Structure formats: structure tokens, C-alpha cells
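Participant: Supplied in C-alpha cells, the structure appears directly below.
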Amino acid sequence: MNPKQIIKEIKGKQEEIKSVIFVGCGASKAELYPAKFFLDSNAKNLRISHYTANEFNYKTPASLDETAIVISASLGGSTPETVKANAKAKERGAHVISLTNAANSALTKDASYVICHRFAENYGAKLEKMGYALELAVEILEQYEGYAHYEDMQIAFSKIYDLSQRAAESAIEDAKKFAEAYKNDPVIYVMSSGATNEVAYSTSICLMMEMQWINSGSFHSGEFFHGPFEIVDKDVPFILLMNEGSTRPIDSRALTFLQRFDTKTTVVDALDYGLSSAVPKAVVDYFNPMLLTAVFRVYAEELSYARKHPLTKRRYMWKLEY
């Protein structure tokens, strides 16, 4: 079933939905954030929340009942905390929709609906989990409240995957320069804003810390001036994932300060990859994360080659019990 059919079926069973709860861990949690951001920005009646799975399990929201839709995600479908979250959501009567790359994984056991996405095929495929979550959010809003820019979103969905694939392919030379410049840095900071905020977070905790063992921190561009800017100095390494749309002035203000003090700054800008030429202006905010995720994946790959440290290399993950 596609997102439209899934929400239509839920609506047939449950006329009133009060809560939408997004649940995941690590990169999967971050990939649910654009959908959460979309609903926060547009829903007038729905209560929206976004949990790391174990907090959902230990401090379960009171809103979890038959009037809740839970959207969970796990790439391999075996993340224990998220599997447990599905069971808890099912036990409370919620409508559980799970996103995974693994069709018969543990995550699917307690899900009311499952959407299997691609991942390894190409850069566009790596965006499908994020894209399906956003599609579900759009359908929830449209079918339960109505959404003025629904058709604009459909146009954007029809174009974003091919655009992101082309953008990633075109980024290789810039990514190689980034890799050479940053390969010996002991710490790299990452920031962004708007719907891309948790792409910056997952870039920091997953691509840098998990996959490259580089110390890193991430923060919202709007929070930069409320603490983090005190570590700015010449040659301190930053990555700014720069958005088109509503929050661009927030990113621009941070960039101006970084340039003022001659920091070592890499800007990956959605504007440079033609996002607004393909996506209607009214909805461009919600597609920055997909484009920027595809492009920065190339940067991370080139960094791994320059450091001779494969993105799949781990010390603890999958090797120890924890």
C-alpha cells in the first residue's frame, strides 16, 4: 500500500486522529524529522511528537492510544528499541506504520502497515525512508485537516529523487576537495536549520562520529549565537548545510559570522543544486533535507577514502553486546 492508501484505510477505521508520533533511533530518527517539521508547520489540530525509541519506551506519552498514528523507522528493521516501541504502540491500540529496507524484519511484526523502501541502489534510493515519512505526513494532514499546497507537494515528490541523484553525482569534485582539506581534522562541527536540522545532527553523530570516529557536535544555526559561536576561531572546521526557503536568513547569519573570523567552513547549499527550479516555492522548505542528504553522502564517502577509513568500519556496533 502507498501512503495515500494507508492513511485512507486508517481514516476509515478511526475518524478522529489526535496525535502523530515519530519514533526511531540515530539516522532513522533524524530521517523522520522533516515529516515532523512539516506537520508542526502546517497542522492546526494534531499533536506532533518525535522520540528516540527508548525514551518512548521508558517515558511513553499519554497520547498513545487508538487516536494516535505512530510512524517508526529502522533501516535493517532490527533496532531493538524501535521493535519494542512498535510492540508498545500496538498494545496501546495505536495505528503503527513502519518504514524499513527489510521486508520480513522484526520491526514488521507489530506494525499495522509496512512500507519497504530502497537504500543501496543509488543516492536517490537512500532518500526513500525520509521521503515516505514525509508523504505519510502530507497525507495525514490532507485527509484529516486539508492542505492548500497538496498538489505542490506531489509535484515536488515526483522530481526530488532524480534531482537529488543528479546533485550527488555533480558534487564529486567539490567533495574530493573537502575530503583533502578535512581529513586530518580531529573535530568537525555541523549546523543547519529548518527541516534540515536533524540532517545536521545525523551527519554529526552518524557520518562523523560513528562512521569516521571524528569528534563532532551539531547545533541549529539559530542557536549558534547562543553558545556555540564562542568556539569560533581561525581554521576551526565547520560544515553548514544551507537551506532554501524560510530559514535561509538564519543560515546566512551564521555563515557571515564564520566568514568574519576566517573559520574553515564548507557550505553545502541547496540553492547551488537547483532545488527551487524543480520544487514549487510554497513547499521548498520540506525538500532541503533530501537534497542535502544526497549531496553530503558523497562528501562523507570521499572523506572516508581520503582517511582510508571505510564508512562500514566499527569498533563496537554489531560487535559487542550493549
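A note on labels: chains of the C-alpha cells are A, B, ... as shown, every chain counts residues from 1, and ligands are counted from 1 in their shown order.
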Contacts of A:Phe238 at 12 Å or less, counting only C-alpha atoms, minus same-chain residues fewer than 4 places along, as a ChimeraX atom specification?

Facilitator: /A:178,181-182,185-192,200,203-204,216-219,221,224,228-229,231-234,254-255,257-259,262-268

Participant: Given the selection you just returned, output its residues as a file containing N, CA, C and O atoms, formatted as a compact mmCIF listing (two decimals), in the first residue's frame.

Facilitator:
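Saved the output as selection-v4.txt:
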# COMPACT_ATOMS: atom_id res chain seq x y z
N PHE A 178 36.88 18.84 -0.29
CA PHE A 178 36.50 18.82 1.12
C PHE A 178 37.28 17.73 1.86
O PHE A 178 37.83 17.96 2.94
N ALA A 181 40.88 18.58 2.47
CA ALA A 181 41.03 19.69 3.42
C ALA A 181 40.72 19.28 4.86
O ALA A 181 41.30 19.82 5.80
N TYR A 182 39.80 18.32 5.05
CA TYR A 182 39.31 17.98 6.39
C TYR A 182 39.81 16.65 6.92
O TYR A 182 39.51 16.29 8.06
N ASP A 185 41.46 16.64 10.42
CA ASP A 185 40.85 17.42 11.50
C ASP A 185 40.35 16.51 12.62
O ASP A 185 39.64 15.53 12.36
N PRO A 186 40.67 16.82 13.87
CA PRO A 186 40.24 15.96 14.98
C PRO A 186 38.79 16.19 15.40
O PRO A 186 38.20 15.37 16.09
N VAL A 187 38.23 17.34 15.00
CA VAL A 187 36.84 17.64 15.35
C VAL A 187 36.22 18.45 14.22
O VAL A 187 36.89 19.28 13.60
N ILE A 188 34.94 18.16 13.91
CA ILE A 188 34.22 18.89 12.87
C ILE A 188 32.82 19.21 13.40
O ILE A 188 32.12 18.31 13.87
N TYR A 189 32.43 20.48 13.31
CA TYR A 189 31.10 20.90 13.76
C TYR A 189 30.15 21.01 12.56
O TYR A 189 30.58 21.36 11.46
N VAL A 190 28.89 20.71 12.80
CA VAL A 190 27.89 20.70 11.73
C VAL A 190 26.66 21.49 12.18
O VAL A 190 26.20 21.33 13.32
N MET A 191 26.11 22.30 11.28
CA MET A 191 24.87 23.00 11.63
C MET A 191 23.98 23.23 10.42
O MET A 191 24.42 23.22 9.28
N SER A 192 22.71 23.41 10.74
CA SER A 192 21.69 23.73 9.74
C SER A 192 20.46 24.24 10.48
O SER A 192 20.52 24.51 11.69
N ALA A 200 21.71 17.69 10.00
CA ALA A 200 22.98 18.12 10.61
C ALA A 200 23.33 17.23 11.80
O ALA A 200 24.48 16.82 11.98
N THR A 203 24.40 13.83 10.52
CA THR A 203 25.72 13.98 9.91
C THR A 203 26.79 13.94 10.99
O THR A 203 27.84 13.29 10.84
N SER A 204 26.52 14.61 12.10
CA SER A 204 27.47 14.66 13.20
C SER A 204 27.59 13.32 13.92
O SER A 204 28.70 12.78 14.06
N SER A 216 32.67 15.28 16.97
CA SER A 216 31.80 16.22 16.27
C SER A 216 30.70 16.70 17.19
O SER A 216 30.37 16.06 18.20
N GLY A 217 30.14 17.83 16.84
CA GLY A 217 28.97 18.37 17.53
C GLY A 217 28.07 19.02 16.51
O GLY A 217 28.54 19.47 15.45
N SER A 218 26.79 19.05 16.77
CA SER A 218 25.86 19.70 15.85
C SER A 218 24.95 20.64 16.63
O SER A 218 24.68 20.41 17.82
N PHE A 219 24.47 21.66 15.95
CA PHE A 219 23.55 22.62 16.58
C PHE A 219 22.79 23.34 15.49
O PHE A 219 23.21 23.42 14.34
N SER A 221 21.40 26.36 13.41
CA SER A 221 22.04 27.63 13.03
C SER A 221 21.51 28.80 13.85
O SER A 221 22.24 29.76 14.13
N PHE A 224 23.32 29.04 17.15
CA PHE A 224 24.76 29.30 17.03
C PHE A 224 25.20 30.48 17.89
O PHE A 224 26.24 30.43 18.55
N PRO A 228 27.37 28.24 20.97
CA PRO A 228 28.41 27.61 20.15
C PRO A 228 29.39 28.56 19.48
O PRO A 228 30.54 28.19 19.21
N PHE A 229 28.96 29.80 19.18
CA PHE A 229 29.87 30.69 18.44
C PHE A 229 31.12 31.07 19.24
O PHE A 229 32.07 31.59 18.70
N ILE A 231 33.31 29.10 20.28
CA ILE A 231 34.47 28.28 19.89
C ILE A 231 34.98 28.66 18.50
O ILE A 231 35.94 28.06 18.01
N VAL A 232 34.37 29.66 17.87
CA VAL A 232 34.81 30.10 16.55
C VAL A 232 36.19 30.72 16.63
O VAL A 232 36.48 31.56 17.49
N ASP A 233 37.05 30.29 15.73
CA ASP A 233 38.41 30.84 15.62
C ASP A 233 38.94 30.48 14.24
O ASP A 233 38.35 29.65 13.54
N LYS A 234 40.02 31.07 13.88
CA LYS A 234 40.63 30.79 12.58
C LYS A 234 40.89 29.28 12.43
O LYS A 234 41.45 28.66 13.34
N ALA A 254 24.60 32.91 10.31
CA ALA A 254 25.68 32.10 10.87
C ALA A 254 26.88 32.10 9.93
O ALA A 254 28.04 32.22 10.38
N LEU A 255 26.64 31.98 8.64
CA LEU A 255 27.74 31.95 7.67
C LEU A 255 28.53 33.25 7.68
O LEU A 255 29.77 33.24 7.63
N PHE A 257 29.06 35.20 10.13
CA PHE A 257 29.94 35.22 11.31
C PHE A 257 31.13 34.29 11.11
O PHE A 257 32.28 34.65 11.46
N LEU A 258 30.91 33.12 10.57
CA LEU A 258 32.02 32.18 10.33
C LEU A 258 33.05 32.80 9.39
O LEU A 258 34.27 32.69 9.62
N GLN A 259 32.58 33.45 8.34
CA GLN A 259 33.50 34.06 7.38
C GLN A 259 34.24 35.24 7.98
O GLN A 259 35.40 35.49 7.64
N ASP A 262 37.26 33.86 9.65
CA ASP A 262 38.11 33.01 8.81
C ASP A 262 38.16 31.57 9.32
O ASP A 262 39.22 30.95 9.36
N THR A 263 37.01 31.05 9.69
CA THR A 263 36.96 29.64 10.07
C THR A 263 37.11 28.78 8.82
O THR A 263 37.00 29.24 7.69
N LYS A 264 37.33 27.51 9.05
CA LYS A 264 37.44 26.54 7.97
C LYS A 264 36.03 26.03 7.68
O LYS A 264 35.55 25.09 8.31
N THR A 265 35.33 26.68 6.75
CA THR A 265 33.91 26.42 6.56
C THR A 265 33.62 25.81 5.20
O THR A 265 34.07 26.32 4.17
N THR A 266 32.87 24.71 5.22
CA THR A 266 32.33 24.12 3.99
C THR A 266 30.83 24.34 3.98
O THR A 266 30.13 23.97 4.93
N VAL A 267 30.34 24.96 2.92
CA VAL A 267 28.91 25.20 2.76
C VAL A 267 28.38 24.27 1.68
O VAL A 267 28.89 24.24 0.56
N VAL A 268 27.38 23.48 2.04
CA VAL A 268 26.65 22.68 1.06
C VAL A 268 25.27 23.32 0.95
O VAL A 268 24.46 23.24 1.88

Participant: Mind the document's chain letters and residue numbers, and return as a ChimeraX atom specification the residues of stretch 131-280 of chain A that DSSP labels helix (DSSP H, G or I).

Facilitator: /A:131-144,150-170,172-182,194-212,221-226,228-231,248-260,270-273,275-278

Participant: What are the closest atom pairs, with distances in Å to one decimal, for each residue of stretch 37-111 of chain A lying within 7 Å of stretch 127-144 of chain A, using only C-alpha atoms, rows by chain and rising residue number, as a Markdown table?

Facilitator:
| residue | atom | partner | partner_atom | distance |
| --- | --- | --- | --- | --- |
| A:Leu39 | CA | A:Ala137 | CA | 6.5 |
| A:Ala43 | CA | A:Leu141 | CA | 6.4 |
| A:Leu99 | CA | A:Lys129 | CA | 6.4 |

Participant: Find the residues of stretch 138-214 of chain A that sit at most 12 Å from stretch 23-27 of chain A; for each, write down the nearest two atoms and how far apart they are in Å, to one decimal. Count only C-alpha atoms. Sort by chain, then by number going up, and give it as a Markdown table.

Facilitator:
| residue | atom | partner | partner_atom | distance |
| --- | --- | --- | --- | --- |
| A:Glu198 | CA | A:Ala27 | CA | 8.7 |
| A:Val199 | CA | A:Ala27 | CA | 8.2 |
| A:Ala200 | CA | A:Ala27 | CA | 10.4 |
| A:Tyr201 | CA | A:Ala27 | CA | 8.6 |
| A:Ser202 | CA | A:Ala27 | CA | 5.4 |
| A:Thr203 | CA | A:Ala27 | CA | 8.4 |
| A:Ser204 | CA | A:Ala27 | CA | 10.1 |
| A:Ile205 | CA | A:Gly26 | CA | 7.7 |
| A:Cys206 | CA | A:Ala27 | CA | 6.8 |
| A:Leu207 | CA | A:Ala27 | CA | 9.3 |
| A:Met209 | CA | A:Gly26 | CA | 11.6 |
| A:Glu210 | CA | A:Gly26 | CA | 10.1 |
| A:Met211 | CA | A:Ala27 | CA | 11.8 |

Participant: Let me see the file: selected residues, N, CA, C and O atoms, as a tab-separated table (two decimals), in the first residue's frame.

Facilitator:
chain	number	residue	atom	x	y	z
A	198	GLU	N	17.87	18.08	11.73
A	198	GLU	CA	18.34	16.77	12.19
A	198	GLU	C	19.17	16.04	11.15
A	198	GLU	O	19.80	15.03	11.46
A	199	VAL	N	19.23	16.54	9.93
A	199	VAL	CA	20.24	16.04	8.99
A	199	VAL	C	21.62	16.46	9.49
A	199	VAL	O	22.57	15.68	9.43
A	200	ALA	N	21.71	17.69	10.00
A	200	ALA	CA	22.98	18.12	10.61
A	200	ALA	C	23.33	17.23	11.80
A	200	ALA	O	24.48	16.82	11.98
A	201	TYR	N	22.32	16.92	12.60
A	201	TYR	CA	22.51	16.06	13.77
A	201	TYR	C	23.00	14.68	13.36
A	201	TYR	O	23.98	14.15	13.92
A	202	SER	N	22.36	14.06	12.38
A	202	SER	CA	22.77	12.71	11.98
A	202	SER	C	24.11	12.74	11.24
A	202	SER	O	24.88	11.78	11.33
A	203	THR	N	24.40	13.83	10.52
A	203	THR	CA	25.72	13.98	9.91
A	203	THR	C	26.79	13.94	10.99
A	203	THR	O	27.84	13.29	10.84
A	204	SER	N	26.52	14.61	12.10
A	204	SER	CA	27.47	14.66	13.20
A	204	SER	C	27.59	13.32	13.92
A	204	SER	O	28.70	12.78	14.06
A	205	ILE	N	26.46	12.76	14.36
A	205	ILE	CA	26.56	11.55	15.21
A	205	ILE	C	26.79	10.27	14.41
A	205	ILE	O	27.37	9.31	14.94
A	206	CYS	N	26.34	10.24	13.15
A	206	CYS	CA	26.48	9.02	12.36
A	206	CYS	C	27.66	9.09	11.39
A	206	CYS	O	28.61	8.30	11.49
A	207	LEU	N	27.63	10.03	10.45
A	207	LEU	CA	28.68	10.07	9.44
A	207	LEU	C	30.04	10.43	10.03
A	207	LEU	O	31.06	9.87	9.63
A	209	MET	N	30.93	10.76	13.77
A	209	MET	CA	31.32	10.04	14.98
A	209	MET	C	31.27	8.53	14.81
A	209	MET	O	32.23	7.82	15.16
A	210	GLU	N	30.17	8.02	14.29
A	210	GLU	CA	30.03	6.57	14.13
A	210	GLU	C	30.90	6.02	13.01
A	210	GLU	O	31.64	5.05	13.20
A	211	MET	N	30.81	6.63	11.84
A	211	MET	CA	31.43	6.05	10.65
A	211	MET	C	32.86	6.50	10.38
A	211	MET	O	33.57	5.86	9.60

Participant: Can you pull out every residue within 10 Å of A:Arg297, counting only C-alpha atoms, but drop anything in the same chain fewer than 6 positions away, and send it as a VMD selection string?

Facilitator: chain A and resid 123 126 168 171 175 203 207 303

Participant: Which is closest to A:Asp65 among A:Asp251, A:Asp162, A:Glu180, A:Glu16, if we use only C-alpha atoms?

Facilitator: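 Of A:Asp251, A:Asp162, A:Glu180, A:Glu16, the one nearest A:Asp65, counting only C-alpha atoms, is A:Glu16.
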
Participant: Go through stretch 12-230 of chain A and collect every residue that DSSP, computed from the backbone, puts in strand (DSSP E); the answer should be as a ChimeraX atom specification.

Facilitator: /A:19-24,47-52,68-73,95-100,113-116,187-192,215-220

Participant: Please determine, counting only C-alpha atoms, which residue among A:Ser63, A:Ser193, A:Gln212, A:Gln165 has the shortest atom-to-atom distance to A:Tyr286.

Facilitator: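 Looking at the shortest contact to A:Tyr286, the residue is A:Ser193.
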
Participant: When you look at A:Arg92 with a cut-off of 9 Å (counting only C-alpha atoms), what residues show up, excluding the ones that are within fewer than 5 positions of it in the same chain? I need them as an MDAnalysis selection string.

Facilitator: chainID A and resid 64:66 87

Participant: Now that the selection is made, can you save its residues with N, CA and C atoms as a compact mmCIF listing (two decimals), in the first residue's frame?

Facilitator:
# COMPACT_ATOMS: atom_id res chain seq x y z
N LEU A 64 -0.67 8.13 23.59
CA LEU A 64 -0.57 6.88 22.83
C LEU A 64 -1.82 6.02 23.06
N ASP A 65 -2.74 6.08 22.12
CA ASP A 65 -3.96 5.27 22.19
C ASP A 65 -4.50 5.10 20.77
N GLU A 66 -5.75 4.72 20.64
CA GLU A 66 -6.32 4.46 19.32
C GLU A 66 -6.46 5.72 18.47
N ALA A 87 5.85 -2.67 19.57
CA ALA A 87 5.03 -3.54 20.42
C ALA A 87 4.22 -2.72 21.42
